[in-house]
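With compact mmCIF, C-alpha atoms inside, this is upload01.txt:
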# COMPACT_ATOMS: atom_id res chain seq x y z
CA MET K 870 -115.60 23.78 103.13
CA ALA K 871 -115.77 26.74 100.80
CA HIS K 872 -113.94 29.89 101.81
CA ALA K 873 -114.07 33.37 100.37
CA LEU K 874 -111.23 35.71 101.16
CA ARG K 875 -110.85 39.30 100.13
CA LEU K 876 -107.74 39.38 97.99
CA PRO K 877 -106.07 42.45 99.52
CA ASN K 878 -106.02 40.78 102.94
CA PHE K 879 -104.64 37.62 101.45
CA VAL K 880 -101.72 38.75 99.36
CA MET K 881 -100.84 42.34 100.12
CA ALA K 882 -97.72 42.87 102.20
CA ARG K 883 -99.09 46.31 103.01
CA PRO K 884 -102.25 48.18 102.03
CA LEU K 885 -102.09 50.07 98.75
CA ARG K 886 -101.40 53.75 99.07
CA ARG K 887 -104.21 55.87 97.72
CA GLU K 888 -102.29 57.06 94.69
CA GLU K 889 -101.14 53.53 93.98
CA GLU K 890 -104.73 52.35 93.89
CA TYR K 891 -105.62 55.19 91.54
CA ASN K 892 -102.62 54.68 89.31
CA ARG K 893 -103.01 50.95 88.86
CA ARG K 894 -104.47 51.33 85.38
CA GLN K 895 -101.67 53.49 84.17
CA TRP K 896 -98.29 52.31 83.04
CA SER K 897 -96.09 55.39 83.34
CA GLU K 898 -94.66 55.36 86.82
CA VAL K 899 -95.23 58.27 89.14
CA ARG K 900 -95.19 58.75 92.86
CA GLY K 901 -97.66 61.01 94.61
CA LEU K 902 -95.97 63.97 96.25
CA GLN K 903 -98.16 63.95 99.35
CA THR K 904 -96.88 60.85 101.08
CA PRO K 905 -94.79 60.74 103.09
CA ALA K 906 -95.67 64.18 104.39
CA TRP K 907 -92.07 65.40 104.23
CA LEU K 908 -91.46 64.48 100.60
CA LYS K 909 -92.46 67.83 99.11
CA GLU K 910 -90.37 69.70 101.65
CA VAL K 911 -87.33 67.55 100.90
CA TYR K 912 -87.78 68.04 97.17
CA ASP K 913 -87.90 71.79 97.72
CA ARG K 914 -84.72 71.53 99.76
CA ILE K 915 -82.99 69.62 96.95
CA SER K 916 -84.13 72.29 94.47
CA ALA K 917 -82.67 74.96 96.74
CA LEU K 918 -79.33 73.12 96.85
CA ALA K 919 -79.19 73.34 93.06
CA GLU K 920 -78.98 77.13 93.41
CA LEU K 921 -75.86 77.11 95.58
CA GLU K 922 -72.87 78.87 94.09
CA GLU K 923 -69.23 77.95 94.34
CA ASN K 924 -67.68 78.57 97.75
CA TRP K 925 -71.11 78.31 99.41
CA ASP K 926 -69.35 77.12 102.59
CA SER K 927 -66.57 79.72 102.48
CA HIS K 928 -64.12 76.84 102.07
CA GLY K 929 -64.24 76.43 98.29
CA GLY K 930 -67.26 74.12 98.25
CA LEU K 931 -68.36 73.18 94.72
CA PRO K 932 -71.89 73.86 93.47
CA VAL K 933 -74.14 70.83 93.83
CA ALA K 934 -73.82 68.85 90.59
CA ALA K 935 -76.77 68.12 88.32
CA GLY K 936 -75.91 64.40 88.53
CA ALA K 937 -76.25 64.44 92.31
CA ILE K 938 -79.59 66.28 92.10
CA LEU K 939 -80.96 63.83 89.53
CA THR K 940 -79.78 60.73 91.40
CA THR K 941 -81.14 61.94 94.74
CA ARG K 942 -84.52 62.74 93.21
CA VAL K 943 -84.75 59.42 91.38
CA LEU K 944 -83.69 57.61 94.55
CA LEU K 945 -86.36 59.20 96.72
CA SER K 946 -89.08 58.76 94.10
CA ASN K 947 -88.42 55.05 93.64
CA LEU K 948 -87.93 53.83 97.21
CA ASP K 949 -90.41 52.91 99.90
CA VAL K 950 -89.78 55.76 102.34
CA GLU K 951 -93.28 55.85 103.84
CA ASP K 952 -92.21 54.86 107.33
CA LEU K 953 -89.06 56.92 107.54
CA PRO K 954 -88.81 60.28 109.29
CA ARG K 955 -87.79 63.36 107.34
CA PRO K 956 -84.12 63.11 106.43
CA HIS K 957 -81.65 65.89 107.02
CA VAL K 958 -80.50 67.01 103.56
CA ALA K 959 -77.23 68.89 103.13
CA PRO K 960 -74.76 69.78 100.40
CA ILE K 961 -71.34 68.13 100.36
CA PRO K 962 -68.28 70.24 99.46
CA ASP K 963 -67.34 68.05 96.47
CA GLY K 964 -70.65 68.78 94.72
CA GLY K 965 -72.71 65.94 96.15
CA ILE K 966 -75.71 65.65 98.47
CA GLY K 967 -75.89 64.01 101.89
CA LEU K 968 -79.01 62.44 103.37
CA HIS K 969 -79.09 61.58 107.07
CA TRP K 970 -81.64 59.60 109.04
CA ARG K 971 -81.61 58.67 112.70
CA VAL K 972 -84.15 56.19 113.97
CA VAL K 973 -83.78 55.32 117.66
CA GLU K 974 -80.19 54.07 117.89
CA ARG K 975 -79.52 53.64 114.20
CA ASP K 976 -77.82 56.33 112.17
CA LEU K 977 -77.73 56.23 108.37
CA GLU K 978 -75.81 58.59 106.16
CA ILE K 979 -76.15 58.34 102.40
CA GLU K 980 -73.85 60.35 100.19
CA VAL K 981 -74.72 60.95 96.57
CA GLU K 982 -71.60 62.11 94.79
CA ALA K 983 -71.43 64.65 91.96
CA ASP K 984 -71.30 61.86 89.37
CA GLY K 985 -74.26 60.04 90.93
CA ALA K 986 -72.28 57.35 92.78
CA ILE K 987 -73.86 56.47 96.13
CA HIS K 988 -72.22 55.43 99.41
CA TYR K 989 -73.65 54.66 102.83
CA LEU K 990 -72.45 54.72 106.41
CA LYS K 991 -74.46 52.74 108.96
CA THR K 992 -73.79 53.42 112.61
CA HIS K 993 -75.25 51.95 115.78
CA VAL K 994 -75.18 54.97 118.06
CA GLY K 995 -72.34 54.40 120.50
CA GLY K 996 -71.29 51.28 118.62
CA ASP K 997 -69.93 49.93 115.34
CA SER K 998 -70.09 51.47 111.90
CA THR K 999 -70.12 49.87 108.47
CA ASP K 1000 -69.86 51.54 105.10
CA GLY K 1001 -70.24 50.52 101.47
CA ASP K 1002 -71.55 51.35 98.03
CA VAL K 1003 -75.14 51.40 96.84
CA ARG K 1004 -75.22 49.87 93.37
CA SER K 1005 -78.92 49.38 92.74
CA LEU K 1006 -82.34 50.47 93.96
CA LYS K 1007 -82.56 47.17 95.83
CA ASP K 1008 -79.30 47.99 97.64
CA ALA K 1009 -80.72 51.39 98.49
CA GLN K 1010 -83.98 49.91 99.76
CA ASP K 1011 -82.13 47.36 101.91
CA THR K 1012 -80.05 50.18 103.36
CA LEU K 1013 -83.11 52.24 104.22
CA ASP K 1014 -84.82 49.19 105.68
CA TRP K 1015 -81.82 48.70 107.97
CA VAL K 1016 -82.37 52.04 109.65
CA LEU K 1017 -85.93 50.93 110.46
CA GLY K 1018 -84.65 47.60 111.77
CA ARG K 1019 -86.53 45.53 109.20
CA MET E 1360 -123.23 64.18 70.93
CA ILE E 1361 -122.92 61.88 67.94
CA ALA E 1362 -126.08 60.94 66.05
CA CYS E 1363 -126.45 57.20 65.53
CA GLU E 1364 -127.99 57.49 62.07
CA SER E 1365 -124.86 58.95 60.50
CA ASP E 1366 -121.89 57.05 59.15
CA PRO E 1367 -119.53 56.78 62.14
CA SER E 1368 -116.38 57.12 60.07
CA GLU E 1369 -117.57 60.39 58.59
CA LEU E 1370 -118.39 61.67 62.04
CA VAL E 1371 -114.97 60.72 63.34
CA GLU E 1372 -113.34 62.60 60.48
CA MET E 1373 -115.58 65.59 61.15
CA ALA E 1374 -114.70 65.50 64.84
CA GLU E 1375 -110.98 65.24 64.00
CA ARG E 1376 -111.26 68.43 61.99
CA THR E 1377 -112.99 70.35 64.75
CA LEU E 1378 -111.29 69.02 67.90
CA PRO E 1379 -108.58 71.11 69.54
CA ASP E 1380 -105.14 69.93 68.55
CA TYR E 1381 -101.61 70.61 69.78
CA ASP E 1382 -98.17 70.23 68.25
CA ASN E 1383 -96.58 69.41 71.58
CA PRO E 1384 -99.25 68.11 73.98
CA PRO E 1385 -98.18 66.99 77.47
CA ALA E 1386 -99.77 63.55 77.05
CA GLN E 1387 -97.50 60.90 78.48
CA GLU E 1388 -99.80 57.92 78.23
CA THR E 1389 -103.09 56.93 76.64
CA TRP E 1390 -105.22 53.92 77.27
CA MET E 1391 -108.40 52.53 75.80
CA ALA E 1392 -110.29 49.86 77.66
CA PHE E 1393 -113.42 47.75 77.76
CA ALA E 1394 -114.96 46.32 80.91
CA PHE E 1395 -117.22 43.33 80.39
CA VAL E 1396 -119.18 40.65 82.22
CA PRO E 1397 -116.51 38.30 83.65
CA LEU E 1398 -115.52 35.50 81.31
CA LYS E 1399 -114.77 32.03 82.62
CA TRP E 1400 -111.15 32.99 82.17
CA SER E 1401 -108.60 30.98 84.08
CA ILE E 1402 -104.82 30.81 84.46
CA PRO E 1403 -104.19 28.62 81.37
CA HIS E 1404 -105.99 31.15 79.18
CA PHE E 1405 -103.32 33.75 79.92
CA GLY E 1406 -100.64 31.42 78.61
CA ALA E 1407 -102.69 30.34 75.60
CA PHE E 1408 -103.44 33.96 74.72
CA TRP E 1409 -99.81 34.96 75.17
CA SER E 1410 -98.70 32.22 72.78
CA GLU E 1411 -100.88 33.91 70.14
CA VAL E 1412 -99.60 37.44 70.71
CA ARG E 1413 -96.06 36.69 71.85
CA ALA E 1414 -94.47 37.73 68.55
CA ASP E 1415 -95.84 41.25 69.11
CA TYR E 1416 -95.72 41.29 72.92
CA PRO E 1417 -92.72 39.21 73.99
CA LYS E 1418 -92.61 40.39 77.62
CA PHE E 1419 -95.13 39.75 80.38
CA GLN E 1420 -95.81 40.75 83.97
CA VAL E 1421 -98.39 39.44 86.43
CA HIS E 1422 -100.24 42.01 88.53
CA PRO E 1423 -103.08 42.06 91.04
CA PRO E 1424 -106.45 42.64 89.39
CA ILE E 1425 -108.14 46.02 89.23
CA GLY E 1426 -111.24 46.23 91.40
CA GLU E 1427 -112.32 43.99 94.24
CA PHE E 1428 -112.10 40.28 93.78
CA ASN E 1429 -112.78 37.32 95.97
CA LEU E 1430 -110.32 34.52 96.08
CA GLU E 1431 -112.38 31.34 96.33
CA PHE E 1432 -111.03 27.89 97.03
CA ASN E 1433 -112.11 24.55 98.32
CA ALA E 1434 -109.37 23.53 100.69
CA MET E 1435 -110.93 20.38 102.06
CA GLY E 1436 -111.91 18.35 99.02
CA PRO E 1437 -109.56 15.92 97.31
CA GLU E 1438 -109.92 17.89 94.09
CA ALA E 1439 -109.23 21.28 95.64
CA ILE E 1440 -109.92 24.14 93.24
CA VAL E 1441 -108.41 27.59 93.43
CA ASN E 1442 -109.51 30.44 91.23
CA LEU E 1443 -106.77 33.02 91.50
CA PRO E 1444 -107.74 36.42 90.11
CA VAL E 1445 -104.78 38.08 88.43
CA ARG E 1446 -104.16 40.59 85.68
CA CYS E 1447 -101.52 39.90 83.04
CA TRP E 1448 -99.55 42.49 81.15
CA PHE E 1449 -98.20 41.69 77.70
CA ILE E 1450 -95.58 44.24 76.64
CA ASN E 1451 -94.08 44.89 73.22
CA ASP E 1452 -90.35 44.92 72.51
CA GLU E 1453 -90.09 48.71 72.49
CA SER E 1454 -91.87 48.85 75.88
CA ASN E 1455 -94.24 51.51 74.61
CA ARG E 1456 -97.39 49.39 74.12
CA LEU E 1457 -99.09 47.12 76.57
CA ILE E 1458 -102.12 44.84 76.66
CA GLN E 1459 -103.67 44.28 80.10
CA ILE E 1460 -106.09 41.42 80.56
CA GLN E 1461 -108.10 40.14 83.48
CA SER E 1462 -111.33 38.15 83.47
CA ASN E 1463 -113.48 41.27 83.07
CA LEU E 1464 -111.14 43.89 81.57
CA PHE E 1465 -109.20 44.51 78.38
CA PHE E 1466 -106.79 47.44 78.16
CA HIS E 1467 -104.40 48.75 75.58
CA ASN E 1468 -101.92 51.32 76.92
CA TRP E 1469 -99.46 53.39 74.97
CA ARG E 1470 -96.84 55.50 76.69
CA ARG E 1471 -94.06 57.76 75.60
CA PRO E 1472 -90.81 55.85 76.03
CA ASN E 1473 -89.29 59.08 77.31
CA PRO E 1474 -90.71 62.58 77.85
CA ASP E 1475 -89.14 63.88 74.63
CA ALA E 1476 -90.32 61.08 72.33
CA PRO E 1477 -93.00 61.98 69.76
CA TYR E 1478 -96.65 61.77 70.70
CA LEU E 1479 -98.82 59.14 69.04
CA HIS E 1480 -102.27 60.43 68.13
CA TYR E 1481 -105.59 58.71 68.74
CA GLY E 1482 -106.00 58.19 65.00
CA GLU E 1483 -102.89 55.98 65.09
CA LEU E 1484 -103.70 54.18 68.33
CA LYS E 1485 -107.36 53.34 67.81
CA PRO E 1486 -106.75 50.92 64.90
CA VAL E 1487 -104.19 49.13 67.07
CA PHE E 1488 -106.70 48.82 69.90
CA GLU E 1489 -109.39 47.62 67.49
CA LYS E 1490 -107.06 44.97 66.06
CA GLU E 1491 -106.05 43.68 69.51
CA TRP E 1492 -109.63 43.65 70.76
CA THR E 1493 -110.66 41.62 67.70
CA ARG E 1494 -107.81 39.21 68.37
CA PHE E 1495 -108.94 38.88 71.99
CA CYS E 1496 -112.57 38.25 70.99
CA ASP E 1497 -111.48 35.64 68.42
CA PHE E 1498 -109.47 33.91 71.12
CA ALA E 1499 -112.40 33.97 73.54
CA GLY E 1500 -114.65 32.48 70.88
CA ARG E 1501 -112.27 29.67 69.97
CA HIS E 1502 -111.77 28.77 73.65
CA GLU E 1503 -115.51 28.64 74.32
CA LEU E 1504 -115.42 31.66 76.61
CA GLY E 1505 -118.16 33.37 74.67
CA VAL E 1506 -118.46 36.87 73.28
CA PRO E 1507 -117.50 39.56 75.83
CA ASN E 1508 -120.60 41.46 76.89
CA VAL E 1509 -119.13 44.97 77.19
CA LEU E 1510 -120.41 47.09 80.08
CA SER E 1511 -118.27 50.16 79.65
CA CYS E 1512 -115.79 51.80 77.29
CA GLU E 1513 -112.99 53.99 78.53
CA VAL E 1514 -110.45 56.36 77.03
CA SER E 1515 -107.90 58.04 79.23
CA TYR E 1516 -105.04 60.49 78.73
CA VAL E 1517 -102.34 60.89 81.36
CA ASN E 1518 -100.64 64.27 81.00
CA HIS E 1519 -97.41 65.28 82.70
CA LEU E 1520 -97.03 69.01 83.27
CA ASP E 1521 -93.40 69.50 84.25
CA ARG E 1522 -92.59 72.01 86.96
CA GLY E 1523 -90.82 74.97 85.40
CA VAL E 1524 -92.71 74.68 82.12
CA GLY E 1525 -95.43 77.28 82.53
CA TRP E 1526 -95.87 76.85 86.28
CA GLU E 1527 -93.66 76.83 89.37
CA ASN E 1528 -95.67 76.20 92.53
CA PHE E 1529 -98.11 73.44 93.27
CA SER E 1530 -100.24 75.97 95.11
CA ASP E 1531 -100.68 78.13 91.99
CA LEU E 1532 -102.86 75.75 90.04
CA SER E 1533 -104.86 78.63 88.56
CA ILE E 1534 -101.99 79.28 86.15
CA VAL E 1535 -102.75 75.95 84.55
CA PHE E 1536 -106.44 75.67 85.45
CA PRO E 1537 -108.02 79.15 85.38
CA SER E 1538 -111.21 78.02 87.11
CA VAL E 1539 -109.37 76.74 90.19
CA GLY E 1540 -109.11 79.08 93.15
CA SER E 1541 -106.17 79.42 95.51
CA PHE E 1542 -107.70 77.45 98.39
CA GLN E 1543 -105.79 79.82 100.64
CA GLY E 1544 -107.16 80.33 104.15
CA LYS E 1545 -108.96 83.59 104.98
CA ASP E 1546 -106.72 84.39 107.99
CA PHE E 1547 -105.11 81.45 109.67
CA LEU E 1548 -103.89 79.27 106.83
CA GLY E 1549 -101.47 80.38 104.19
CA LYS E 1550 -101.21 78.84 100.77
CA PRO E 1551 -101.64 75.07 100.63
CA GLU E 1552 -98.49 73.06 100.09
CA THR E 1553 -100.21 70.88 97.48
CA ILE E 1554 -103.70 70.36 96.11
CA ILE E 1555 -105.32 67.22 94.70
CA ILE E 1556 -108.44 67.60 92.60
CA ASN E 1557 -110.91 64.90 91.69
CA GLY E 1558 -113.78 66.01 89.49
CA SER E 1559 -116.39 64.34 87.36
CA TYR E 1560 -118.63 65.70 84.65
CA VAL E 1561 -121.74 64.18 83.13
CA MET E 1562 -121.52 63.20 79.49
CA PRO E 1563 -125.07 63.39 78.18
CA SER E 1564 -125.17 60.06 76.39
CA ASN E 1565 -124.75 56.44 77.48
CA GLU E 1566 -124.45 57.16 81.21
CA GLY E 1567 -121.09 58.68 80.43
CA ARG E 1568 -118.76 60.43 82.84
CA LEU E 1569 -115.62 62.45 82.32
CA ARG E 1570 -113.33 62.09 85.30
CA VAL E 1571 -110.52 64.54 85.94
CA GLN E 1572 -107.75 64.08 88.44
CA VAL E 1573 -105.05 66.61 89.19
CA GLN E 1574 -102.28 65.22 91.33
CA PRO E 1575 -98.89 66.60 92.34
CA ALA E 1576 -96.40 63.84 91.65
CA ILE E 1577 -92.86 62.84 90.87
CA ARG E 1578 -92.05 61.07 87.63
CA GLN E 1579 -89.96 58.12 88.71
CA SER E 1580 -87.88 57.84 85.54
CA ASP E 1581 -86.18 61.21 86.05
CA GLY E 1582 -87.33 62.34 89.49
CA LYS E 1583 -88.98 65.49 88.06
CA GLU E 1584 -91.85 67.16 89.86
CA ILE E 1585 -94.99 67.21 87.76
CA ILE E 1586 -98.67 67.88 87.90
CA GLN E 1587 -100.25 64.70 86.63
CA LEU E 1588 -103.49 65.52 84.90
CA THR E 1589 -105.48 62.39 84.12
CA ILE E 1590 -108.66 62.76 82.11
CA THR E 1591 -110.79 59.67 81.59
CA GLY E 1592 -113.98 59.40 79.58
CA SER E 1593 -116.17 56.35 80.11
CA CYS E 1594 -119.61 55.37 78.93
CA ARG E 1595 -121.91 52.38 78.61
CA PRO E 1596 -122.30 51.13 75.04
CA GLY E 1597 -125.71 50.31 73.62
CA SER E 1598 -124.45 46.90 72.54
CA SER E 1599 -121.25 44.92 72.17
CA ASP E 1600 -121.18 45.33 68.39
CA ALA E 1601 -117.78 46.47 67.21
CA SER E 1602 -119.18 49.57 65.51
CA GLU E 1603 -121.03 50.65 68.66
CA LEU E 1604 -117.96 50.05 70.82
CA MET E 1605 -115.77 52.10 68.50
CA ARG E 1606 -118.37 54.86 68.40
CA CYS E 1607 -118.33 54.97 72.20
CA LEU E 1608 -114.54 55.17 72.23
CA ASP E 1609 -114.69 58.08 69.81
CA SER E 1610 -117.26 59.81 71.98
CA CYS E 1611 -115.15 59.31 75.13
CA ARG E 1612 -112.06 60.56 73.37
CA GLU E 1613 -113.86 63.64 72.08
CA TRP E 1614 -114.89 64.49 75.64
CA VAL E 1615 -111.37 63.96 76.92
CA VAL E 1616 -109.88 66.26 74.29
CA ARG E 1617 -112.54 68.95 74.64
CA GLY E 1618 -112.39 68.67 78.43
CA PHE E 1619 -108.62 69.07 78.44
CA ASP E 1620 -108.85 72.15 76.24
CA ASP E 1621 -111.68 73.61 78.28
CA LEU E 1622 -110.02 73.18 81.67
CA THR E 1623 -106.53 74.40 80.84
CA SER E 1624 -105.33 77.97 80.34
CA GLN E 1625 -104.49 79.78 77.12
CA GLU E 1626 -100.98 80.38 78.46
CA MET E 1627 -100.45 76.62 78.69
CA HIS E 1628 -102.02 76.18 75.24
CA LYS E 1629 -99.30 78.42 73.86
CA ILE E 1630 -96.63 76.25 75.46
CA TRP E 1631 -98.25 73.14 74.02
CA ARG E 1632 -98.52 74.94 70.67
CA LYS E 1633 -102.23 74.75 70.08
CA LYS E 1634 -103.01 74.75 66.36
Starting from the file, lay out its structure as structure tokens.
Amino acid sequence: MAHALRLPNFVMARPLRREEEYNRRQWSEVRGLQTPAWLKEVYDRISALAELEENWDSHGGLPVAAGAILTTRVLLSNLDVEDLPRPHVAPIPDGGIGLHWRVVERDLEIEVEADGAIHYLKTHVGGDSTDGDVRSLKDAQDTLDWVLGR
Amino acid sequence: MIACESDPSELVEMAERTLPDYDNPPAQETWMAFAFVPLKWSIPHFGAFWSEVRADYPKFQVHPPIGEFNLEFNAMGPEAIVNLPVRCWFINDESNRLIQIQSNLFFHNWRRPNPDAPYLHYGELKPVFEKEWTRFCDFAGRHELGVPNVLSCEVSYVNHLDRGVGWENFSDLSIVFPSVGSFQGKDFLGKPETIIINGSYVMPSNEGRLRVQVQPAIRQSDGKEIIQLTITGSCRPGSSDASELMRCLDSCREWVVRGFDDLTSQEMHKIWRKK
């Protein structure tokens, strides 16, 4: 019996995003700024953090380091964050950036240090916590997937 | 429009002299491509072709094809046949040139290895494309796949306009594109957060179209916010003769360059150091 299947239904783990479909001919890698809806807002927030001056918290907090800005931007532009809610983005006194997501009973904090090193803290609300380092984009993606329970 | 009676090489040189040119254009990537009637191209052909180009393109990647394809198979017969449509990338050592092949498409992409690397002009890239296309056609002939019957030629430039270099807000596109309005609401809506533009223009010969896309984006290599301006010229060649195909590429490229110059502001031209 001969079968004809449309390829996208056969092999795609998820449908292509519109910009992905458009960009498939091109090689240089970009991510559209319109999905997820919060991405532009979060990028603006990160840009605003770059303007903070020393002692921004009245407790001697350091300005947010360029390395932390760069790493956070690269992280968000390379990961699949489509299904995540908007993260809370905040400066950290040592010159880093903190990202915080809460999805149902899972809490995820990611800290990007001034030198670009990344750490995570996973917490089941009202339960156990685990922490560790993020050493690659795959580590980062696995960590984000955890908060969605996948 | 280019007259067919004239010597194409002279016309290309004439066009080169009159086309707008920039010392520091924002082009990040260029591709040239031909679409053709599907060849009876199958999985082993990718490997056989790679063995011929591997010295120049030692790396490969396998991607889904461009366009819609049907996956056909006979699952019941004892000699079950599967025709799996894929697109293969063959990448050079420096990771700045790429050949993309699928059963009905041939692409050659060039990209800047980093945003500060020098720009490679069309005059340097076209001979490379021509050489690789000839190599592909030779391969197809020797493997009894026939001569590709080319349906369309395409030249595209992907430009990255970095935020902070001439523009600041995605809602103020008119700084870069003077003919674009604000798209601000009359009363209720403020300025838009972002704007995407898709436009097409008729090229008067060979059923040609110039397609323009303006897209707010993030460059993944450095996380920078950019406006990605992609301008693609495509047209249908009169035949699959090499000279006609190259003439069509030149025509598409001329439209891309003139279109880019026509759509963008003089302030940005100064930044890109228009000659």
task = Restrict the distance test to all atoms listed in the file, flag each residue of chain E within 8 Å of chain K, and return the flagged residues as a PyMOL selection string.
result = chain E and resi 1387-1388+1390+1425+1427-1436+1468+1470+1517+1553+1574-1583
task = Quick one: everything within 7 Å of Thr1591 in chain E, counting only C-alpha atoms, minus sequence neighbours fewer than 2 positions away in the same chain. Send it as a PyMOL selection string.
result = chain E and resi 1513-1516+1569-1571+1589+1593+1615
task = Please provide as a PyMOL selection string all residues within 7 Å of range 1525-1532 of chain E, with the sequence filter that same-chain residues fewer than 3 positions apart are discarded (counting all atoms listed in the file).
result = chain E and resi 1522+1535-1536+1539+1541+1550-1554+1575+1627
task = Would you mind listing what lies within 8 Å of Ala937 in chain K as a list in words, with all atoms listed in the file counted and same-chain residues fewer than 2 positions away left out?
result =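 Counting all atoms listed in the file, the residues come to Val933, Ala934, Ala935, Leu939, Thr940, Thr941, Gly964, Gly965, Ile966, Val981, Glu982, Ala983, Asp984 and Gly985 of chain K.
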request  = Work out how far apart CA of His993 in chain K and CA of Val972 in chain K are and give it in Å to one decimal.
outcome  =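 So the answer is 10.0 Å.
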message = Can you pull out the residues contacting Leu1622 in chain E? Cut-off 8 Å, using only C-alpha atoms, and skip same-chain residues under 4 positions away; I want them as a list in words.
response =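 Non-adjacent residues within range: Phe1536, Pro1537, Ser1538 and Gly1618 of chain E.
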Residues of the last selection are to be written out with C-alpha atoms, as a PDB file, in the frame of the given file.
ATOM      1  CA  PHE E1536    -106.440  75.670  85.450  1.00  0.00           C
ATOM      2  CA  PRO E1537    -108.020  79.150  85.380  1.00  0.00           C
ATOM      3  CA  SER E1538    -111.210  78.020  87.110  1.00  0.00           C
ATOM      4  CA  GLY E1618    -112.390  68.670  78.430  1.00  0.00           C
TER       5      GLY E1618
END
inquiry  = I need the residue nearest Met1391 in chain E from this list: E:His1628, E:Arg1501, E:Arg1612, E:Arg1568. Use all atoms listed in the file for the distance.
reply    =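 Selected residue with least distance to Met1391 in chain E: E:Arg1612.
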task = Counting all atoms listed in the file, select every polymer residue within 9 Å of (-74.8, 48.6, 107.2) as defined in the file's coordinates, and provide the selection as a ChimeraX atom specification.
result = /K:977,989-992,998-1001,1012,1015-1016
request  = Have a look at CA of Gly1540 in chain E and CA of Val1573 in chain E and let me know their distance in Å, one decimal.
outcome  = 13.7 Å
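The coordinates place CA of Trp1631 in chain E at 5.1 Å from CA of Pro1384 in chain E.
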message = Between K:Gly996, K:His957, K:Ile979, K:Asp949, which residue has the minimum interatomic distance to Val911 in chain K, considering all atoms listed in the file?
response =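 For Val911 in chain K, the nearest of the candidates is K:His957.
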query = Residues at most 8 Å from Asn1455 in chain E, counting all atoms listed in the file, excluding those fewer than 6 positions away in the same chain, as a list in words?
reply = Trp1469, Arg1470, Arg1471 and Pro1472 of chain E
Give me range 1528-1539 of chain E with N, CA and C atoms filled in, as a short mmCIF file (atom, residue, chain, number, x, y, z; two decimals), in the frame of the given file.
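The resulting file, selection_5.cif, is reproduced below:
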data_model
loop_
_atom_site.label_atom_id
_atom_site.label_comp_id
_atom_site.auth_asym_id
_atom_site.auth_seq_id
_atom_site.Cartn_x
_atom_site.Cartn_y
_atom_site.Cartn_z
N ASN E 1528 -95.26 76.65 91.19
CA ASN E 1528 -95.67 76.20 92.53
C ASN E 1528 -96.94 75.38 92.47
N PHE E 1529 -96.93 74.30 93.25
CA PHE E 1529 -98.11 73.44 93.27
C PHE E 1529 -99.34 74.17 93.82
N SER E 1530 -99.10 75.24 94.55
CA SER E 1530 -100.24 75.97 95.11
C SER E 1530 -100.85 76.95 94.10
N ASP E 1531 -100.17 77.17 92.99
CA ASP E 1531 -100.68 78.13 91.99
C ASP E 1531 -101.30 77.41 90.81
N LEU E 1532 -102.25 76.55 91.10
CA LEU E 1532 -102.86 75.75 90.04
C LEU E 1532 -103.63 76.60 89.04
N SER E 1533 -104.03 77.82 89.46
CA SER E 1533 -104.86 78.63 88.56
C SER E 1533 -104.09 79.05 87.31
N ILE E 1534 -102.77 78.99 87.36
CA ILE E 1534 -101.99 79.28 86.15
C ILE E 1534 -102.28 78.25 85.07
N VAL E 1535 -102.47 77.03 85.50
CA VAL E 1535 -102.75 75.95 84.55
C VAL E 1535 -104.26 75.78 84.36
N PHE E 1536 -104.99 75.88 85.48
CA PHE E 1536 -106.44 75.67 85.45
C PHE E 1536 -107.12 76.96 85.92
N PRO E 1537 -107.53 77.82 84.99
CA PRO E 1537 -108.02 79.15 85.38
C PRO E 1537 -109.24 79.12 86.31
N SER E 1538 -110.00 78.05 86.28
CA SER E 1538 -111.21 78.02 87.11
C SER E 1538 -110.93 77.58 88.54
N VAL E 1539 -109.69 77.21 88.84
CA VAL E 1539 -109.37 76.74 90.19
C VAL E 1539 -108.93 77.92 91.04
#
